[in-house]
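Colleague: Below you will find the structure I want to go over with you.
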Amino acid sequence: MSLLQNDRHRPRAARRLLRPAVVAAGVAMAAGTIAAPAGAVGLGPQGQAPIPSTATGASVAAPTVTGPVASTTPVGDPAHGYPFLATDVDLASAGYVEQEFFISGQATRYAQSGTSTATVTSTGHPYSTRIVVRKPTDAKKFNGVVVAEWINVSNQWDQEVDWFQSHEHFLREGYAWVGVSAQRVGVHSATGLKAWSPARYGSLDVTAGGTINDDTLSYDIFSQAVKAVRSPAAGVDPLGSLPAPQYVIATGHSQSAGRLANYYNGILPLSNILDAVVLHGGGGVLRTGSTRPVFRINSEGDVASGILSVAARQQPDSPVLRSWEVAGASHGDWKLITDYGPLRKRDIGTYPGGYPGEPQTCALPSLSRVPQHMVQNAVYDHTVDWVAYGAQPPTAPKITTEPAASTTVVRDGLGLALGGIRLAQHEAPLRVNSGSNTGPGFCFLDGSSLPLTDAQLAALYPTVQSYVDEFVATTLANAAAGYIPGNFTRDPAWYSDLRELIEEHAAAGRIAGHVEASLLDRLDRAERLGLSGSESRTAGYLQHLVDRARNQIKGDAAAREAVVRSATALIALLDAVDGTANEG
């Protein structure tokens with residue numbers, strides 16, 4: 001079943017499919033009913049038409065576009081005749097396709113400093129690079145918004161972090177995603193594109209023939225990549241039969257967030273090619289007085305490590321700036337590494353640190369399990385509402401630091417950070433998730449996740465219902481506040497968390513193998529239904545799982561309680577959403 005089939009009665013706009021509202025003392029989820037034109041952002045929450053974009057990009061040169069570049073080998077073939085990190089997501093079932101294009105032209109070099117507008121230092125520098133496009137095949141599924149990701153190169157090769165974090169949401173909501181290889185390292189390093197596949201990528205060059213190696217061309221290359229999608233020159237249109245996008249939102253993680261912060265400060269006032277910018281996991285001090293919205297989302301780890309500077313944190317929200325911080329989340333997290341790991345193994349030959357089954361080198365078990373990506377999904381939707389309807393996103397509390405102008409995070413007795421956006425996995429913890437860790441390599445970025453002991457869980461949650469109540473109330477409150485999308489139950493993290501719990505207990509010998517198989521069979525069926533939006537049928541399969549756990553997990557009451565606790569909480573959450581949607 002297509003991931004999008006059950007959305008046929010919901011709005012095609014990229015705003016939240018279920019807009020939460022507080023009703024009396026409870027939380028109600030009301031399904032939207034306003035249809036939008038094919039390939040377009042639809043009417044707003046008050047029935048208003050979207051505001052036309054003023055991001056003309058008139059001064060940006062339109063590059064020459066070549067492609068789509070054909071694959072000459074199957075994905076995974078050692079000859080590397082396919083796009084680097086070609087997705088393993090089943091795009092076809094969601095009505096999407098992946099294509100790679102080469103873009104080339106003459107780039108401008110900028111001098112950029114601080115929050116000042118950049119100055120042009122020279123022009124006419126030849127370049128050639130690639131963009132990767134993942135888009136709906138049918139204009140009716142396109143929501144009219146392109147998310148243009150500045151691909152991260154901190155590993156010395158391309159890594160599309162924000163795609164890994166939010167691709168399920170992009171597919172559900174009809175976004176088109178475009179990844180841009182703008183920086184020298186991603187193209188020219190010993191592990192970059194040219195070395196990875198000389199036959200496919202040998203012609204690429206973002207250094208003007210080796211004469212400019214400081215990435216000062218990257219800003220205009222990014223602008224031209226967006227121009228190729230927004231208003232291409234005669235020839236190849238990377239969006240193909242889709243209509244021209246109404247809005248383009250740039251996004252980037254970590255180093256890319258830093259590059260985009262520079263772009264927002266210095267280049268965007270000149271290029272006027274973007275409608276908004278999302279900075280994920282970093283982004284420095286931002287200029288004031290801009291008319292373009294910028295949304296900054298950071299993890300607890302970004303705060304504690306100083307990746308998000310104290311000066312940047314002290315910038316107050318404004319009509320064009322929002323800053324959210326997610327407690328318990330890490331810079332690189334469980335979702336990123338488990339989604340990215342198989343592709344890195346396929347195309348680079350090694351798994352990333354912290355990948356399941358690989359040697360653990362950090363002081364604590366690495367990778368926070370707090371699903372920050374759900375918050376990030378809401379960020380994209382709020383950003384669309386912001387530019388399309390002028391709807392100001394909600395504000396959010398900052399993570400508590402002491403002193404306030406510092407990176408020292410204040411924690412409770414379990415070690416959980418205080419303040420910030422607090423998802424149920426943090427507020428009703430089954431694990432101590434933190435943005436901090438120590439050890440070699442990227443340990444300081446990957447955070448940690450330490451399961452609570454049976455004794456700790458029994459003390460925190462004397463009954464299954466005591467956990468369920470806190471879990472459900474926290475999640476519904478976050479949806480009502482707008483910190484997670486209204487259709488949050490369709491996120492696969494709910495099911496992967498339960499799957500990992502069952503598998504961990506089975507690996508420890510606490511659940512018999514045949515019982516594990518029985519439970520996972522029910523869970524797999526529930527997940528397929530849950531991702532399609534069938535809350536009541538999903539809850540039914542999960543209840544089967546609970547019944548089997550109670551009857552089949554013998555001799556280990558704590559293991560049985562752990563499975564029942566988590567599955568029952570998910571059932572209650574599905575029931576709450578299903579019931580309030582029906583009321584709406």
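Identifiers in this document derive from the order of the structure tokens: chains are assigned A, B, ..., residues are numbered from 1 separately in each chain, and ligands are numbered from 1 in order of occurrence.
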Running DSSP on the backbone, which parts of region 258-463 of chain A land in helix (DSSP H, G or I), as JSON, numbers by chain?

Modeller: {"A": [258, 259, 260, 261, 262, 263, 264, 265, 266, 267, 268, 269, 270, 271, 300, 301, 302, 303, 304, 305, 310, 311, 312, 313, 334, 335, 336, 337, 338, 339, 340, 341, 342, 343, 344, 345, 346, 347, 372, 373, 374, 375, 376, 377, 378, 379, 380, 381, 382, 383, 384, 385, 386, 387, 388, 389, 424, 425, 426, 427, 443, 444, 445, 446, 454, 455, 456, 457, 458, 459, 460]}

Colleague: If we count only C-alpha atoms, what is near Ala572 (chain A) at a cut-off of 10 Å, once residues fewer than 2 positions away on the same chain are taken out, given as number ranges by chain?

Modeller: A: 465, 468-469, 471-472, 539, 567-570, 574-578

Colleague: Could you list, as a list of chain:residue names, every residue within 9 Å of Arg548 (chain A), counting only C-alpha atoms and ignoring same-chain residues fewer than 4 positions away?

Modeller: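 The filter keeps A:Val515, A:Ser518, A:Leu519, A:Gln543, A:His544, A:Gln552, A:Ile553.
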
Colleague: Show which residues sit within 9 Å of Pro394 (chain A), as a count of residues only. Count only C-alpha atoms, and ignore same-chain residues fewer than 3 positions away.

Modeller: 5

Colleague: For region 402-419 of chain A, find every residue with an atom within 12 Å (counting only C-alpha atoms), except residues of its own chain fewer than 6 positions away, and show them as a PyMOL selection string.

Modeller: chain A and resi 299-315+324-330+368+370+396+425-436+448-453+456-457+460

Colleague: I need the residues from that last selection saved to file as a compact mmCIF listing (two decimals), in the first residue's frame (with C-alpha atoms), if you can.

Modeller:
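Resulting contents of out_33.txt:
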```txt
# COMPACT_ATOMS: atom_id res chain seq x y z
CA SER A 299 19.72 18.96 20.23
CA GLU A 300 20.80 18.88 23.84
CA GLY A 301 24.16 17.69 22.50
CA ASP A 302 24.51 20.80 20.34
CA VAL A 303 23.98 22.96 23.42
CA ALA A 304 26.30 20.97 25.69
CA SER A 305 29.12 20.68 23.14
CA GLY A 306 29.02 24.33 22.11
CA ILE A 307 28.27 23.48 18.48
CA LEU A 308 25.47 25.96 19.00
CA SER A 309 27.39 28.88 20.43
CA VAL A 310 26.31 30.65 23.60
CA ALA A 311 26.02 33.87 21.62
CA ALA A 312 23.69 32.23 19.10
CA ARG A 313 21.54 30.76 21.89
CA GLN A 314 21.12 34.19 23.42
CA GLN A 315 19.52 35.59 20.28
CA TRP A 324 14.01 25.14 19.32
CA GLU A 325 16.08 22.83 21.52
CA VAL A 326 15.24 19.17 22.13
CA ALA A 327 16.12 17.70 25.53
CA GLY A 328 17.87 14.33 25.53
CA ALA A 329 18.63 14.44 21.82
CA SER A 330 22.09 14.17 20.30
CA SER A 368 20.37 9.01 21.82
CA VAL A 370 15.03 10.54 21.54
CA ALA A 396 9.61 26.67 22.85
CA GLN A 425 10.88 9.30 25.44
CA HIS A 426 12.53 11.90 27.69
CA GLU A 427 9.67 12.96 29.97
CA ALA A 428 8.53 9.38 30.61
CA PRO A 429 11.91 7.70 30.26
CA LEU A 430 12.68 4.04 29.74
CA ARG A 431 16.30 4.96 29.05
CA VAL A 432 18.56 7.81 30.10
CA ASN A 433 19.09 9.58 26.80
CA SER A 434 21.65 12.34 26.71
CA GLY A 435 23.32 14.52 24.13
CA SER A 436 26.68 13.98 25.82
CA SER A 448 24.33 8.27 24.82
CA SER A 449 21.42 6.01 25.69
CA LEU A 450 21.53 3.84 28.81
CA PRO A 451 18.54 1.59 29.58
CA LEU A 452 17.05 2.01 33.02
CA THR A 453 17.33 -1.03 35.25
CA GLN A 456 14.46 1.84 38.35
CA LEU A 457 11.55 1.12 36.02
CA LEU A 460 9.19 5.01 38.32
```

Colleague: Work out how far apart CA of Gln106 (chain A) and CA of Val185 (chain A) are and give it in Å to one decimal.

Modeller: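 Distance between the two atoms: 19.5 Å.
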
Colleague: Using only C-alpha atoms, which residue out of A:Glu535, A:Glu561, A:Glu503, A:Asp347 lies closest to Asp77 (chain A)?

Modeller: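 The closest residue to Asp77 (chain A) is A:Asp347.
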
Colleague: Within 8 Å of Val379 (chain A), counting only C-alpha atoms, which residues qualify if same-chain residues fewer than 5 places away don't, as a PyMOL selection string?

Modeller: chain A and resi 278+295+297+483

Colleague: For the residues selected in the previous step, produce a file with N, CA and C atoms as a PDB file, in the first residue's frame.

Modeller:
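Everything below was put into part.pdb:
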```pdb
ATOM      1  N   VAL A 278      16.303  26.455   7.230  1.00  0.00           N
ATOM      2  CA  VAL A 278      16.265  25.642   8.444  1.00  0.00           C
ATOM      3  C   VAL A 278      17.686  25.240   8.790  1.00  0.00           C
ATOM      4  N   PHE A 295      14.669  29.077  10.847  1.00  0.00           N
ATOM      5  CA  PHE A 295      14.251  28.214  11.951  1.00  0.00           C
ATOM      6  C   PHE A 295      15.463  27.395  12.358  1.00  0.00           C
ATOM      7  N   ILE A 297      16.884  24.403  14.809  1.00  0.00           N
ATOM      8  CA  ILE A 297      16.569  23.288  15.690  1.00  0.00           C
ATOM      9  C   ILE A 297      17.868  22.637  16.126  1.00  0.00           C
ATOM     10  N   TYR A 483       4.845  20.953  18.545  1.00  0.00           N
ATOM     11  CA  TYR A 483       6.245  20.529  18.549  1.00  0.00           C
ATOM     12  C   TYR A 483       6.478  19.249  17.756  1.00  0.00           C
TER      13      TYR A 483
END
```

Colleague: When you draw a straight line from CA of Leu364 (chain A) to CA of Ala458 (chain A), how long is it in Å?

Modeller: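 Going from CA of Leu364 (chain A) over to CA of Ala458 (chain A) covers 22.8 Å.
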
Colleague: Find the residue from A:Ala559, A:Tyr175, A:Thr400, A:Thr137 that sits nearest to His505 (chain A); use only C-alpha atoms when measuring.

Modeller: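 Between A:Ala559, A:Tyr175, A:Thr400, A:Thr137, the residue approaching His505 (chain A) most closely is A:Ala559.
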